[in-house]
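S.K.: Could you have a look at this structure, given as structure tokens, before my questions?
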Amino acid sequence: MTAGVDLGHPQAQAIQSDEDVVRVRQLVRTVAVAAKLSLVDQTKLVTAASELARNTLVYGGGGTVEVTTVDNGRRRGVRILFADSGPGIVDLDLALTDGYTTGGGLGLGLSGARRLVDEFEIDTGAGKGTRVTVTKWAR
Amino acid sequence: MERVPILKIGDILLVSIQVDMSDQTALQLQEDLAERIVATGSHGVIIDITALDIVDSFVGRMLSTIASISKVLDAETVVVGMRPAVAITLVELGLSLNGIRTALNVERGMELIAAARSDEFEEDDQLDDAADAETTASP
Amino acid sequence: MALGAEASGRLAALLRDNAEQVTKRWTEIVAASLRGRLSQAELRRQLEELHRALVATGEQGTIDLDTEHATELRAVLAELSRGWARQGFSATETAIAVFALKDALLELIEARGGEGALRDYVAFAGLIDQMGLFTFESFVRTRESLIADQAEQLLELSTPVVKLWEGVVAVPLVGTLDSARAQVVMERLLQTLVDTGSPYAIIDITGVPAVDTQVAQHILKTVVAARLMGADCIISGIRPQIAQTIVALGIEFGDIATKASLADALRHVLRLSGVETARRQSRRDA
């Protein structure tokens, strides 16, 4: 049995400050370990979560994150949902381009995070906030 | 907010990052380090990231910035102890850490700094206009 | 399919009262199908254990493999199929070991006769079917984990990281590289760099017949990752066809050092570390 982490029960965390981004990293790490992701996959997922949590804070003006252990019958995985009700992303293609940034960062947050996970979905638009869902499966 | 301690060992400043840094802590370290380089007149900075289980684009940028700042202040920066999983993730993320010297551990980092310094002095001896000679020796 | 409390009691009593006869007959039937690959005594011991667990469970009431109090019975069944799977018996043979109990029981019930004999036999047979299926599943699980273990062992066997010199490690890659294996090799190589504190790594691909884009990408990423960690990689033993593939695929090897053979690569590395110190030495003397 997985200690502390229930299959299908999301663990939530608010993202309102710098310290919350650290908490998100720790939460994702705990769940990823419990889901038996390999060390490299854990590292990739936590790094992606860190990028996306920072995006939620900086561009979305804060929001929430939900971390869930998932199972597709063959493999276990971890799914993370980042949601904010900020201004949304107007030009998604541009935002997913390496090196493009409006916030003075390296422009690798969104595009880099997408490369680090197995599944990446984004639902956004001008004025409707942003919801990013990522999933990483155990090998 | 936590602060990362900076140790002075001989001519070298040693920073061993032991905590999961918030973005503020990282920026603070950047400032502290610049001040300490000037205050101590150190010519080498070693940043030990053995304990870091992830490096995201923010910390990556901090490392690059520290390297650039210390170069301006005539100090050589070497990042040591990056974990394999972290390195693999950084490659996937698309972060190349250009301009940063790296070594496997603190000991090798010190050797690297010593070699760079001695090369510079030799060039000083040999060339009269070597006051601002750039060392390009790579590991 | 569960066996009702009453029927369970009757089955337990039947098995208990005729213990000697049932296990003897059961052993005979199973032994015939195994043709001497398991000694009679050993087989009898295992079946007696199963017999005991069945009686014990039946005496407590309803026999249902899915419930708590059948834990002991399930454990015995699982243990039996695990053992047989590891000893190389087939799934059919393992299932027959359980199903044979039916024949032994049938003879017993026939001899006893009486009312409800048929109904009892059908009910018992249902339970035994369930036990057989459970055995079959444990058997498959055991085989699967055996295969997984072997695949892992194979992966370890096929990816040695060797120390060539002080501060120089090498991975001689042999055989077809798929994405999964390339990943494992590369992770292991990077970990070895840390463990041994070696600043140089040689990836020798002499024994690799072909390279596709994905594998080439894995190798490239490893070289870049090693650089981030403060180590240098040299790739040696690139075959002509692979060189052509690399160029045709448009993969940039950039400033990565490549050498024709492992020996050349080692010489290159030694010169990198050796000559530099020699040069410095002579300057200092001067």
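Chain labels A, B, ... are given in the sequence in which chains occur in the structure tokens; within each chain residues are numbered consecutively from 1, and ligands are likewise numbered from 1 in the order shown.
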Do me a favour and pick out the residues of chain B within 12 Å of chain A, using only C-alpha atoms, as number ranges by chain.
M.R.: B: 1-2, 19-27, 52-62, 64-65, 83-97
S.K.: Would you put the residues from that selection into a file with N, CA, C and O atoms, as a compact mmCIF listing (two decimals), in the first residue's frame?
M.R.:
```txt
# COMPACT_ATOMS: atom_id res chain seq x y z
N MET B 1 12.84 34.36 5.73
CA MET B 1 13.49 33.77 4.55
C MET B 1 14.85 33.19 4.93
O MET B 1 15.60 33.79 5.69
N GLU B 2 15.14 32.04 4.37
CA GLU B 2 16.43 31.42 4.66
C GLU B 2 17.54 32.07 3.84
O GLU B 2 17.30 32.56 2.76
N VAL B 19 19.57 23.82 0.98
CA VAL B 19 18.12 23.87 1.14
C VAL B 19 17.45 23.98 -0.21
O VAL B 19 18.08 24.33 -1.20
N ASP B 20 16.17 23.64 -0.26
CA ASP B 20 15.36 23.85 -1.44
C ASP B 20 15.08 25.36 -1.47
O ASP B 20 14.25 25.85 -0.72
N MET B 21 15.80 26.10 -2.32
CA MET B 21 15.71 27.55 -2.27
C MET B 21 14.43 28.09 -2.90
O MET B 21 14.02 27.66 -3.96
N SER B 22 13.84 29.08 -2.22
CA SER B 22 12.77 29.82 -2.88
C SER B 22 13.45 30.80 -3.82
O SER B 22 14.65 31.06 -3.72
N ASP B 23 12.69 31.38 -4.74
CA ASP B 23 13.28 32.31 -5.70
C ASP B 23 13.94 33.51 -4.98
O ASP B 23 14.99 33.98 -5.39
N GLN B 24 13.29 33.96 -3.91
CA GLN B 24 13.85 35.08 -3.15
C GLN B 24 15.21 34.72 -2.56
O GLN B 24 16.15 35.51 -2.61
N THR B 25 15.29 33.50 -2.00
CA THR B 25 16.56 33.05 -1.41
C THR B 25 17.64 33.03 -2.48
O THR B 25 18.79 33.42 -2.22
N ALA B 26 17.29 32.59 -3.68
CA ALA B 26 18.26 32.52 -4.76
C ALA B 26 18.75 33.92 -5.14
O ALA B 26 19.96 34.14 -5.32
N LEU B 27 17.82 34.87 -5.24
CA LEU B 27 18.22 36.23 -5.60
C LEU B 27 19.10 36.84 -4.52
O LEU B 27 20.07 37.55 -4.80
N LEU B 52 21.29 19.59 -4.13
CA LEU B 52 20.09 20.02 -4.86
C LEU B 52 19.51 18.86 -5.66
O LEU B 52 20.19 18.29 -6.49
N ASP B 53 18.21 18.55 -5.42
CA ASP B 53 17.66 17.45 -6.21
C ASP B 53 16.98 17.94 -7.48
O ASP B 53 16.61 17.14 -8.33
N ILE B 54 16.81 19.24 -7.61
CA ILE B 54 16.44 19.76 -8.93
C ILE B 54 17.10 21.12 -9.16
O ILE B 54 17.43 21.84 -8.21
N VAL B 55 17.32 21.44 -10.44
CA VAL B 55 17.72 22.79 -10.83
C VAL B 55 16.74 23.18 -11.93
O VAL B 55 16.70 22.55 -12.97
N ASP B 56 15.93 24.20 -11.65
CA ASP B 56 14.99 24.62 -12.70
C ASP B 56 15.57 25.83 -13.41
O ASP B 56 16.69 26.25 -13.16
N SER B 57 14.79 26.42 -14.33
CA SER B 57 15.34 27.51 -15.14
C SER B 57 15.70 28.72 -14.27
O SER B 57 16.64 29.44 -14.57
N PHE B 58 14.98 28.91 -13.18
CA PHE B 58 15.28 30.07 -12.32
C PHE B 58 16.65 29.92 -11.66
O PHE B 58 17.48 30.83 -11.69
N VAL B 59 16.88 28.75 -11.07
CA VAL B 59 18.18 28.51 -10.42
C VAL B 59 19.29 28.47 -11.49
O VAL B 59 20.39 28.97 -11.27
N GLY B 60 18.95 27.90 -12.65
CA GLY B 60 19.92 27.87 -13.75
C GLY B 60 20.34 29.28 -14.13
O GLY B 60 21.53 29.57 -14.31
N ARG B 61 19.35 30.16 -14.22
CA ARG B 61 19.67 31.54 -14.57
C ARG B 61 20.49 32.21 -13.48
O ARG B 61 21.42 32.96 -13.75
N MET B 62 20.16 31.89 -12.20
CA MET B 62 20.93 32.45 -11.09
C MET B 62 22.40 32.04 -11.21
O MET B 62 23.30 32.86 -11.04
N SER B 64 24.07 31.20 -13.91
CA SER B 64 24.67 31.93 -15.03
C SER B 64 25.00 33.36 -14.63
O SER B 64 26.07 33.88 -14.93
N THR B 65 24.04 34.00 -13.95
CA THR B 65 24.24 35.39 -13.55
C THR B 65 25.41 35.51 -12.59
O THR B 65 26.24 36.41 -12.72
N ARG B 83 24.03 16.47 -9.80
CA ARG B 83 23.63 15.06 -9.86
C ARG B 83 23.29 14.67 -11.29
O ARG B 83 22.78 15.49 -12.06
N PRO B 84 23.50 13.37 -11.62
CA PRO B 84 23.17 12.91 -12.98
C PRO B 84 21.72 13.20 -13.38
O PRO B 84 21.48 13.70 -14.47
N ALA B 85 20.79 12.91 -12.48
CA ALA B 85 19.37 13.12 -12.82
C ALA B 85 19.10 14.60 -13.10
O ALA B 85 18.31 14.95 -13.98
N VAL B 86 19.78 15.46 -12.35
CA VAL B 86 19.60 16.90 -12.55
C VAL B 86 20.16 17.31 -13.92
O VAL B 86 19.53 18.05 -14.68
N ALA B 87 21.35 16.77 -14.25
CA ALA B 87 21.98 17.10 -15.53
C ALA B 87 21.09 16.63 -16.69
O ALA B 87 20.86 17.38 -17.65
N ILE B 88 20.58 15.40 -16.60
CA ILE B 88 19.72 14.86 -17.66
C ILE B 88 18.48 15.75 -17.83
O ILE B 88 18.08 16.09 -18.94
N THR B 89 17.90 16.16 -16.70
CA THR B 89 16.71 17.01 -16.75
C THR B 89 17.01 18.37 -17.37
O THR B 89 16.23 18.88 -18.18
N LEU B 90 18.15 18.95 -17.02
CA LEU B 90 18.52 20.26 -17.58
C LEU B 90 18.67 20.18 -19.09
O LEU B 90 18.26 21.09 -19.81
N VAL B 91 19.26 19.09 -19.57
CA VAL B 91 19.43 18.91 -21.01
C VAL B 91 18.06 18.87 -21.69
O VAL B 91 17.83 19.51 -22.70
N GLU B 92 17.15 18.10 -21.07
CA GLU B 92 15.80 17.97 -21.62
C GLU B 92 15.07 19.31 -21.59
O GLU B 92 14.33 19.66 -22.51
N LEU B 93 15.28 20.05 -20.52
CA LEU B 93 14.63 21.35 -20.35
C LEU B 93 15.14 22.34 -21.39
O LEU B 93 14.44 23.28 -21.76
N GLY B 94 16.35 22.11 -21.88
CA GLY B 94 16.91 23.00 -22.89
C GLY B 94 17.81 24.06 -22.32
O GLY B 94 18.11 25.06 -22.96
N LEU B 95 18.24 23.83 -21.09
CA LEU B 95 19.10 24.80 -20.41
C LEU B 95 20.55 24.35 -20.56
O LEU B 95 20.91 23.26 -20.14
N SER B 96 21.40 25.17 -21.18
CA SER B 96 22.76 24.70 -21.42
C SER B 96 23.77 25.27 -20.43
O SER B 96 24.92 24.86 -20.40
N LEU B 97 23.34 26.22 -19.59
CA LEU B 97 24.24 26.85 -18.62
C LEU B 97 25.53 27.37 -19.30
O LEU B 97 26.63 27.12 -18.83
```
S.K.: Could you list the residues in chain C lying within 9 Å of chain B, using only C-alpha atoms, and format the result as a VMD selection string?
M.R.: chain C and resid 187 to 188 190 to 191 193 to 194 197 to 199 221 to 222 224 to 232 280 283
S.K.: I'd like to know which of C:Phe124, C:Val161, C:Ser90, C:Ala180 is closest to chain A, using only C-alpha atoms.
M.R.: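 Checking each of C:Phe124, C:Val161, C:Ser90, C:Ala180 against chain A, counting only C-alpha atoms, the winner is C:Ala180.
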S.K.: Write down as a list in words the residues belonging to chain B that are assigned strand (DSSP E or B) by DSSP computed on the backbone.
M.R.: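 So, restricting chain B to strand (DSSP E or B), we get Ile6, Leu7, Lys8, Ile9, Ile12, Leu13, Leu14, Val15, Ser16, Gly44, Val45, Ile46, Ile47, Asp48, Glu76, Thr77, Val78, Val79, Val80, Arg101, Thr102 and Ala103 of chain B.
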S.K.: Hey, which of C:Leu270, C:Ala41, C:Val184, C:Ala201 ends up closest to chain A? Count only C-alpha atoms.
M.R.: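 The closest residue to chain A is C:Val184.
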S.K.: So which bits of chain A end up alpha helix (DSSP H) when you DSSP the backbone, as a count of residues only?
M.R.: 49
S.K.: Report, in Å to a single decimal, how far apart CA of Lys8 in chain B and CA of Thr50 in chain B are.
M.R.: 18.5 Å
S.K.: Name all residues at most 7 Å from His43 in chain B (count only C-alpha atoms; drop same-chain ones fewer than 6 positions away) and give them as a PDB file with all heavy atoms, in the first residue's frame.
M.R.:
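Wrote result.pdb, looks like this:
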```pdb
ATOM      1  N   ASP B  11      41.681  31.603  -0.714  1.00  0.00           N
ATOM      2  CA  ASP B  11      41.378  32.595  -1.727  1.00  0.00           C
ATOM      3  C   ASP B  11      40.011  32.346  -2.374  1.00  0.00           C
ATOM      4  O   ASP B  11      39.638  33.014  -3.321  1.00  0.00           O
ATOM      5  CB  ASP B  11      42.499  32.527  -2.786  1.00  0.00           C
ATOM      6  CG  ASP B  11      42.468  33.751  -3.690  1.00  0.00           C
ATOM      7  OD1 ASP B  11      42.002  34.808  -3.218  1.00  0.00           O
ATOM      8  OD2 ASP B  11      42.864  33.627  -4.854  1.00  0.00           O
ATOM      9  N   ILE B  12      39.318  31.360  -1.843  1.00  0.00           N
ATOM     10  CA  ILE B  12      38.105  30.912  -2.529  1.00  0.00           C
ATOM     11  C   ILE B  12      36.861  31.079  -1.659  1.00  0.00           C
ATOM     12  O   ILE B  12      36.915  30.891  -0.437  1.00  0.00           O
ATOM     13  CB  ILE B  12      38.265  29.419  -2.932  1.00  0.00           C
ATOM     14  CG1 ILE B  12      39.305  29.298  -4.050  1.00  0.00           C
ATOM     15  CG2 ILE B  12      36.943  28.812  -3.377  1.00  0.00           C
ATOM     16  CD1 ILE B  12      39.652  27.874  -4.396  1.00  0.00           C
ATOM     17  N   ASP B  74      36.448  39.781 -11.562  1.00  0.00           N
ATOM     18  CA  ASP B  74      37.713  39.059 -11.650  1.00  0.00           C
ATOM     19  C   ASP B  74      37.765  37.830 -10.742  1.00  0.00           C
ATOM     20  O   ASP B  74      38.770  37.569 -10.079  1.00  0.00           O
ATOM     21  CB  ASP B  74      38.895  39.994 -11.328  1.00  0.00           C
ATOM     22  CG  ASP B  74      40.228  39.323 -11.649  1.00  0.00           C
ATOM     23  OD1 ASP B  74      40.234  38.443 -12.527  1.00  0.00           O
ATOM     24  OD2 ASP B  74      41.241  39.670 -11.013  1.00  0.00           O
ATOM     25  N   ALA B  75      36.673  37.103 -10.696  1.00  0.00           N
ATOM     26  CA  ALA B  75      36.680  35.842  -9.948  1.00  0.00           C
ATOM     27  C   ALA B  75      36.134  34.748 -10.861  1.00  0.00           C
ATOM     28  O   ALA B  75      35.257  34.993 -11.686  1.00  0.00           O
ATOM     29  CB  ALA B  75      35.827  35.964  -8.690  1.00  0.00           C
ATOM     30  N   GLU B  76      36.706  33.565 -10.703  1.00  0.00           N
ATOM     31  CA  GLU B  76      36.307  32.427 -11.525  1.00  0.00           C
ATOM     32  C   GLU B  76      35.227  31.630 -10.782  1.00  0.00           C
ATOM     33  O   GLU B  76      35.392  31.312  -9.607  1.00  0.00           O
ATOM     34  CB  GLU B  76      37.535  31.554 -11.747  1.00  0.00           C
ATOM     35  CG  GLU B  76      37.422  30.560 -12.854  1.00  0.00           C
ATOM     36  CD  GLU B  76      37.421  31.218 -14.225  1.00  0.00           C
ATOM     37  OE1 GLU B  76      38.242  32.133 -14.451  1.00  0.00           O
ATOM     38  OE2 GLU B  76      36.587  30.805 -15.028  1.00  0.00           O
TER      39      GLU B  76
END
```
S.K.: Can you list, as a VMD selection string, every protein, DNA or RNA residue that comes within 6 Å of Phe139 in chain C when you count only C-alpha atoms, leaving out same-chain residues fewer than 3 positions away?
M.R.: chain C and resid 81 to 82 85 136 142
S.K.: Restrict the selected residues to all heavy atoms and save them as an mmCIF file, in the first residue's frame.
M.R.:
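Saved the output as again.cif:
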```
data_model
loop_
_atom_site.group_PDB
_atom_site.id
_atom_site.type_symbol
_atom_site.label_atom_id
_atom_site.label_comp_id
_atom_site.auth_asym_id
_atom_site.auth_seq_id
_atom_site.Cartn_x
_atom_site.Cartn_y
_atom_site.Cartn_z
ATOM 1 N N SER C 81 2.075 -22.919 -6.593
ATOM 2 C CA SER C 81 2.247 -22.558 -8.002
ATOM 3 C C SER C 81 3.547 -21.807 -8.225
ATOM 4 O O SER C 81 4.181 -21.952 -9.274
ATOM 5 C CB SER C 81 1.052 -21.757 -8.514
ATOM 6 O OG SER C 81 0.660 -20.795 -7.594
ATOM 7 N N ARG C 82 3.977 -21.007 -7.230
ATOM 8 C CA ARG C 82 5.271 -20.320 -7.349
ATOM 9 C C ARG C 82 6.394 -21.329 -7.514
ATOM 10 O O ARG C 82 7.221 -21.236 -8.397
ATOM 11 C CB ARG C 82 5.531 -19.463 -6.110
ATOM 12 C CG ARG C 82 5.411 -17.971 -6.377
ATOM 13 C CD ARG C 82 6.188 -17.169 -5.361
ATOM 14 N NE ARG C 82 5.801 -17.437 -3.985
ATOM 15 C CZ ARG C 82 4.723 -16.886 -3.411
ATOM 16 N NH1 ARG C 82 3.952 -16.058 -4.087
ATOM 17 N NH2 ARG C 82 4.420 -17.160 -2.165
ATOM 18 N N ALA C 85 6.216 -23.089 -10.856
ATOM 19 C CA ALA C 85 6.600 -22.197 -11.962
ATOM 20 C C ALA C 85 8.125 -22.084 -12.029
ATOM 21 O O ALA C 85 8.722 -22.121 -13.101
ATOM 22 C CB ALA C 85 5.972 -20.814 -11.788
ATOM 23 N N PHE C 136 -3.567 -20.977 -11.354
ATOM 24 C CA PHE C 136 -3.140 -20.593 -12.690
ATOM 25 C C PHE C 136 -2.679 -19.136 -12.708
ATOM 26 O O PHE C 136 -1.637 -18.790 -13.257
ATOM 27 C CB PHE C 136 -4.312 -20.791 -13.655
ATOM 28 C CG PHE C 136 -3.927 -20.655 -15.088
ATOM 29 C CD1 PHE C 136 -3.266 -21.676 -15.740
ATOM 30 C CD2 PHE C 136 -4.208 -19.494 -15.790
ATOM 31 C CE1 PHE C 136 -2.894 -21.547 -17.066
ATOM 32 C CE2 PHE C 136 -3.847 -19.359 -17.114
ATOM 33 C CZ PHE C 136 -3.185 -20.384 -17.750
ATOM 34 N N THR C 142 3.967 -15.365 -11.316
ATOM 35 C CA THR C 142 5.337 -15.762 -11.016
ATOM 36 C C THR C 142 6.197 -15.728 -12.273
ATOM 37 O O THR C 142 7.311 -15.218 -12.284
ATOM 38 C CB THR C 142 5.372 -17.185 -10.427
ATOM 39 O OG1 THR C 142 4.476 -17.236 -9.330
ATOM 40 C CG2 THR C 142 6.766 -17.547 -9.964
#
```
S.K.: Excluding same-chain residues fewer than 5 positions from range 130-132 of chain A, what lies within 6 Å of it counting only C-alpha atoms, as an mmCIF file with N, CA and C atoms, in the first residue's frame?
M.R.:
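Output file result-v2.cif is given in full below:
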```
data_model
loop_
_atom_site.group_PDB
_atom_site.id
_atom_site.type_symbol
_atom_site.label_atom_id
_atom_site.label_comp_id
_atom_site.auth_asym_id
_atom_site.auth_seq_id
_atom_site.Cartn_x
_atom_site.Cartn_y
_atom_site.Cartn_z
ATOM 1 N N LEU A 81 -2.441 19.302 -11.842
ATOM 2 C CA LEU A 81 -3.249 20.341 -12.473
ATOM 3 C C LEU A 81 -2.905 21.707 -11.854
ATOM 4 N N PHE A 82 -2.507 22.638 -12.701
ATOM 5 C CA PHE A 82 -2.240 24.012 -12.253
ATOM 6 C C PHE A 82 -3.370 24.888 -12.774
ATOM 7 N N ALA A 83 -3.994 25.637 -11.888
ATOM 8 C CA ALA A 83 -5.097 26.497 -12.329
ATOM 9 C C ALA A 83 -4.942 27.897 -11.764
ATOM 10 N N ASP A 84 -5.149 28.879 -12.621
ATOM 11 C CA ASP A 84 -5.187 30.256 -12.133
ATOM 12 C C ASP A 84 -6.298 30.984 -12.870
ATOM 13 N N GLY A 88 -4.718 34.878 -18.627
ATOM 14 C CA GLY A 88 -4.695 33.860 -19.687
ATOM 15 C C GLY A 88 -3.601 34.146 -20.699
ATOM 16 N N GLU A 121 -1.412 19.208 -21.332
ATOM 17 C CA GLU A 121 -2.613 19.834 -21.885
ATOM 18 C C GLU A 121 -2.725 21.227 -21.318
ATOM 19 N N ILE A 122 -3.161 22.144 -22.166
ATOM 20 C CA ILE A 122 -3.311 23.509 -21.675
ATOM 21 C C ILE A 122 -4.614 24.082 -22.187
ATOM 22 N N ASP A 123 -5.331 24.723 -21.288
ATOM 23 C CA ASP A 123 -6.617 25.318 -21.623
ATOM 24 C C ASP A 123 -6.555 26.781 -21.195
ATOM 25 N N THR A 124 -6.533 27.659 -22.169
ATOM 26 C CA THR A 124 -6.356 29.066 -21.824
ATOM 27 C C THR A 124 -6.928 29.954 -22.919
#
```
S.K.: So which one's closest to chain A, C:Gln87, C:Gln244, C:Gln183, C:Thr192? Using only C-alpha atoms, please.
M.R.: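 Of C:Gln87, C:Gln244, C:Gln183, C:Thr192, the one nearest chain A is C:Gln183, counting only C-alpha atoms.
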S.K.: Give me the residues near Ile89 in chain A as a ChimeraX atom specification, where near means some atom within 9 Å (using only C-alpha atoms) and where sequence neighbours in that chain fewer than 6 positions away do not count.
M.R.: /A:95,124-130
S.K.: Could you work out how far CA of Val117 in chain A lies from CA of Gly254 in chain C, giving the answer in Å with one decimal?
M.R.: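 That distance, rounded to one decimal, is 26.9 Å.
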S.K.: Can you work out the spacing between CA of Ala151 in chain C and CA of Arg86 in chain C in Å, to one decimal?
M.R.: 16.0 Å
S.K.: Which of these, C:Leu73, C:Val162, C:Ile246, C:Ala104, has the shortest distance to Leu220 in chain C once you count only C-alpha atoms?
M.R.: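 Checking each candidate against Leu220 in chain C, we get C:Ile246 as the closest.
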S.K.: Nearest residue to chain A out of C:Met186, C:Ala12, C:Leu105, C:Leu262, using only C-alpha atoms?
M.R.: C:Met186
